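Everything below concerns the one structure shown next.
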Amino acid sequence: MKQILKRLGLLAATLLLVTVLAFVAFSILPGDPTNSILGLNATPEQTAALRERLGLDLPLWQRYLNWLGGLLTGQLGQSYLYEMPVSQLLGSRVAVTATLTAMSFGLIVAISLPLGILAARHAGGWIDRVVSVLGQVTMSIPNFLLGFLLTCLFSLILRWFTVGSFSAAAEQGLGAYLGYLFFPALSIALPRAAMTVKLLRGAILGEMGQDYIRTAYSRGNSKGRVLWRFALRNAMIPVITFLAMTVADVVAGSLVVEQVFAVQGIGQMLVSSINSRDYPVVQAIVALIAVVVVASNFAADALYRVMDPRLRQR
Amino acid sequence: MGKRRNWYLTLGLVLTGLTVGFGALGLVWTPYSPTAPSAADRLAGPSLAHPFGCDHMGRDVLSRTLSGAGATLSIALAVLAIGFVVGVVIGALCGYYGGVVDALVMRVCDAVAAFPSVLLGLVVIAVIGPGKYNVILALGVLFIPSFARLTRGEFLQYRDRDFIRAARLMGVGGLRILFRHILPNAWPVLLSGLSIGFNNAVLAEASMSYLGIGVIPPDTSLGRMVSEAQSYFVTAPWLVLFPALVMILMILGAGLVGEGVRERMGEG
């Protein structure tokens with residue numbers, strides 16, 4: 001119990017630190033955001049009024065506290081460029097990116113677990129070799145290039161979907177919406193799935209060499225049973241931890257891949273906001289992603305402890 | 001098993017040699033100017049004069065791929081140089097001396113390493129602005145923690161070994177122990193870390209340039225080329241194909257080398 005409280009305290013401290021960094025980094029930048037909103041011909045009175053409206057006349061620590069308070073209640077500030085609340089701007093986009101991330105993650109699990117077990121079961125055989133060579137190649141293709149390849153094959157040649165028709169697909173209902181997100185999700189998932197297959201295969205083979213496996217064999221268990229009942233349980237520990245940490249990479253991947261498939265998620269918004277120096281939007285997205293990353297790492301650590309009783313005592 | 005192990009390393013070294021050679025050539029020589037436009041050759045397909053074809057401004061794609069590969073390569077190497085040198089020094093000191101500073105530094109490293117480098121790169125670039133040198137700086141700093149953690153783990157392992165104790169007893173100085181006695185033993189692990197780092201550096205630079213927040217024109221890089229070619233994908237696929245191919249082979253080569261080194265270590 002004390003352990004859990006300590007971990008939770010650490011989690012809260014990390015989250016706080018991350019928000020401080022996200023806020024301060026974009027607040028100490030040279031240049032006054034009011035210039036880009038009002039243009040260069042603004043009178044000093046107009047500038048002062050706007051500064052007051054945006055809360056820029058307050059000291060940094062007070063602005064941070066206001067922002068943090070807003071963050072906790074879902075008020076993320078005002079976009080400079082679109083002149084509307086950031087939360088309103090991001091609302092639907094967060095859902096899109098969350099869906100994309102969840103789909104990618106599901107695909108990673110769905111692809112890597114069967115393949116990893118299959119490769120380990122037939123280690124050294126032709127299935128294993130094909131999986132390992134394909135995996136090595138897949139790992140070397142950046143996700144946005146994979147996105148290109150998939151677009152080329154399924155959009156231009158097979159005409160299964162049209163790139164850039166995301167908003168139209170979203171209006172047609174859930175099926176079309178998820179259907180459009182399938183290929184972006186696949187481009188994010190494949191390289192990570194290849195890594196997971198390799199890890200799982202290695203972990204299973206590592207366990208298969210242990211003494212307890214020999215004991216299990218000696219008691220008359222078949223190879224399949226030894227693998228499923230004994231080796232897999234222990235082999236899954238590092239794999240599940242790896243998968244939890246993969247969440248962060250999947251989010252980063254969706255930032256890039258959204259661009260390839262013209263998906264209106266927060267990745268697209270982040271990039272365009274960086275280019276237009278719309279810092280409240282950037283701050284909000286960065287803080288949001290940071291929270292997801294920190295939380296998934298926390299989950300990875302917690303899962304590790306739950307699954308491996310040897311770690312609980314420490 | 002023996003044959004396959006050599007096969008990974010050999011193929012990896014060949015691919016790395018070829019792509020690095022290609023990029024290095026691009027830094028010193030290109031058949032045409034990579035930036036000179038030519039109206040007559042707009043979107044010309046591959047031919048004898050232009051083996052990789054020409055882009056939307058009539059620029060020779062072979063020349064651009066050469067100089068783009070050179071840029072990607074030099075950025076990746078510069079990033080690695082910063083991350084590796086600083087990371088190894090920090091990791092060595094932390095692993096060997098330990099203490100409160102070690103615990104603090106490693107906390108920070110854990111926190112930074114938890115975030116994907118593309119993501120942090122984006123944030124840093126948002127603050128300091130895009131461009132070749134800012135990308136190198138941003139990614140270089142972000143690569144320090146992973147090397148520091150790797151090095152620390154190795155140094156921690158050797159800290160209390162007998163041969164290090166013996167060296168200490170004989171009055172060998174701290175720095176000499178670190179870099180003459182422990183570092184050579186840590187090389188195999190660091191080497192495979194370098195190959196993973198190279199992969200990540202190429203990937204991160206490519207992704208950032210693809211998003212338009214990495215290298216900015218007139219500079220080019222493989223990621224930038226793919227990004228620019230996106231709108232001509234249907235009419236002129238060679239614009240994407242060649243830079244993409246070089247990028248994939250570059251990453252594949254380094255990955256195979258890392259794989260080969262790891263397997264060789266596992267055997268020894």
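If you're wondering about the labels, chains in the structure tokens are A, B, ... by order shown, residues count from 1 in each chain, ligands from 1 in order shown.
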Please identify all residues of chain A having at least one atom at most 8 Å from any atom of chain B, considering only C-alpha atoms, and return them as a compact mmCIF listing (two decimals) with C-alpha atoms, in the first residue's frame.
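The resulting file, out-v4.txt, is reproduced below:
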# COMPACT_ATOMS: atom_id res chain seq x y z
CA ALA A 25 8.98 26.58 -22.77
CA PHE A 26 6.38 28.36 -24.87
CA LEU A 29 9.77 32.77 -26.22
CA GLN A 136 13.61 -6.89 -40.12
CA VAL A 137 12.52 -5.22 -43.36
CA MET A 139 11.15 -2.37 -38.96
CA SER A 140 13.30 -0.42 -41.42
CA ILE A 141 10.43 1.34 -43.15
CA PRO A 142 9.51 4.64 -41.50
CA PHE A 144 5.07 7.63 -43.12
CA LEU A 145 6.71 5.74 -46.00
CA LEU A 156 -4.37 4.24 -56.33
CA MET A 245 5.55 1.67 -23.41
CA ALA A 248 3.87 6.63 -26.51
CA ASP A 249 5.38 5.63 -29.85
CA ALA A 252 4.01 9.91 -31.92
CA VAL A 256 3.19 11.81 -38.48
CA GLN A 259 -0.27 13.96 -42.30
CA VAL A 271 2.12 20.76 -36.82
CA ILE A 274 3.74 25.12 -34.60
CA ASN A 275 4.06 26.65 -38.05
CA ARG A 277 3.04 30.00 -33.76
CA VAL A 286 1.86 18.89 -25.80
CA ALA A 290 2.68 14.24 -22.17
CA VAL A 293 2.91 9.19 -22.17
CA VAL A 294 3.52 9.54 -18.43
CA ASN A 297 4.66 4.46 -18.47
Exercise. Would you mind listing what lies within 9 Å of region 36-45 of chain B as a list in words, with only C-alpha atoms counted and same-chain residues fewer than 5 positions away left out?
Key: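 Once the nearby chain positions are removed, what remains is His50, Pro51, Phe52, Gly53, Cys54, Asp55, His56, Met57, Gly58, Arg59, Asp60, Tyr232, Thr235, Ala236, Trp238 and Leu239 of chain B.
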Please write the residues from the selection above to a file, keeping N, CA and C atoms, as a JSON list (two decimals), in the first residue's frame.
[["chain", "number", "residue", "atom", "x", "y", "z"],
["B", 50, "HIS", "N", 19.01, 11.42, -67.02],
["B", 50, "HIS", "CA", 18.57, 11.55, -65.63],
["B", 50, "HIS", "C", 18.05, 10.20, -65.15],
["B", 51, "PRO", "N", 18.94, 9.34, -64.64],
["B", 51, "PRO", "CA", 18.53, 7.96, -64.28],
["B", 51, "PRO", "C", 17.38, 7.91, -63.29],
["B", 52, "PHE", "N", 17.26, 8.89, -62.39],
["B", 52, "PHE", "CA", 16.18, 8.89, -61.40],
["B", 52, "PHE", "C", 15.05, 9.84, -61.80],
["B", 53, "GLY", "N", 15.12, 10.41, -63.01],
["B", 53, "GLY", "CA", 14.10, 11.35, -63.44],
["B", 53, "GLY", "C", 14.31, 12.75, -62.91],
["B", 54, "CYS", "N", 13.30, 13.61, -63.11],
["B", 54, "CYS", "CA", 13.39, 14.99, -62.65],
["B", 54, "CYS", "C", 12.14, 15.36, -61.85],
["B", 55, "ASP", "N", 12.25, 16.34, -60.97],
["B", 55, "ASP", "CA", 11.11, 16.68, -60.11],
["B", 55, "ASP", "C", 10.26, 17.81, -60.71],
["B", 56, "HIS", "N", 9.33, 18.34, -59.93],
["B", 56, "HIS", "CA", 8.37, 19.31, -60.44],
["B", 56, "HIS", "C", 9.02, 20.62, -60.89],
["B", 57, "MET", "N", 10.28, 20.84, -60.51],
["B", 57, "MET", "CA", 10.97, 22.05, -60.97],
["B", 57, "MET", "C", 12.04, 21.71, -62.00],
["B", 58, "GLY", "N", 12.05, 20.46, -62.44],
["B", 58, "GLY", "CA", 13.03, 20.05, -63.43],
["B", 58, "GLY", "C", 14.41, 19.78, -62.84],
["B", 59, "ARG", "N", 14.47, 19.63, -61.50],
["B", 59, "ARG", "CA", 15.77, 19.34, -60.88],
["B", 59, "ARG", "C", 16.05, 17.84, -60.95],
["B", 60, "ASP", "N", 17.30, 17.50, -61.15],
["B", 60, "ASP", "CA", 17.69, 16.10, -61.32],
["B", 60, "ASP", "C", 17.51, 15.34, -60.00],
["B", 232, "TYR", "N", 3.02, 14.84, -56.02],
["B", 232, "TYR", "CA", 3.23, 14.35, -57.38],
["B", 232, "TYR", "C", 3.25, 12.83, -57.43],
["B", 235, "THR", "N", 1.46, 11.22, -60.53],
["B", 235, "THR", "CA", 2.02, 11.48, -61.85],
["B", 235, "THR", "C", 3.49, 11.13, -61.95],
["B", 236, "ALA", "N", 4.26, 11.25, -60.85],
["B", 236, "ALA", "CA", 5.70, 11.02, -60.92],
["B", 236, "ALA", "C", 6.18, 10.22, -59.71],
["B", 238, "TRP", "N", 8.52, 8.26, -59.22],
["B", 238, "TRP", "CA", 9.96, 8.16, -58.98],
["B", 238, "TRP", "C", 10.46, 9.22, -58.02],
["B", 239, "LEU", "N", 9.70, 10.29, -57.86],
["B", 239, "LEU", "CA", 10.10, 11.34, -56.92],
["B", 239, "LEU", "C", 10.12, 10.81, -55.48]]
Quiz prompt | Exercise: region 20-23 of chain B partners within 10 Å, only C-alpha atoms, chain neighbours under 2 positions left out, as a ChimeraX atom specification | solution = /B:14-18,25-29,65-74,246,250,253
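The nearest approach to Gly116 (chain A) among the residues A:Ser79, A:Val247, A:Leu17, A:Ala203, with only C-alpha atoms taken into account, belongs to A:Ala203.
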Self-check item: Minimum-distance residue to Leu150 (chain B), chosen among B:Leu13, B:Ile216, B:Val257, B:Ile196 (using only C-alpha atoms)
Solution: B:Ile196
Exercise. May I have all residues of region 4-240 of chain B that DSSP, computed from the backbone, assigns to alpha helix (DSSP H), given as a ChimeraX atom specification?
Key: /B:4-28,61-97,99-114,117-128,132-158,162-169,174-176,183-210,222-229,238-240
Exercise. Measure the distance from CA of Gly164 (chain A) to CA of Val260 (chain A) in Å and round it to one decimal.
Key: 9.2 Å
Exercise. Within 9 Å of Pro280 (chain A), counting only C-alpha atoms, which residues show up once you throw out same-chain ones fewer than 2 positions away? Write them as a PyMOL selection string, please.
Key: chain A and resi 23+26+76-80+86+273+277-278+282-285
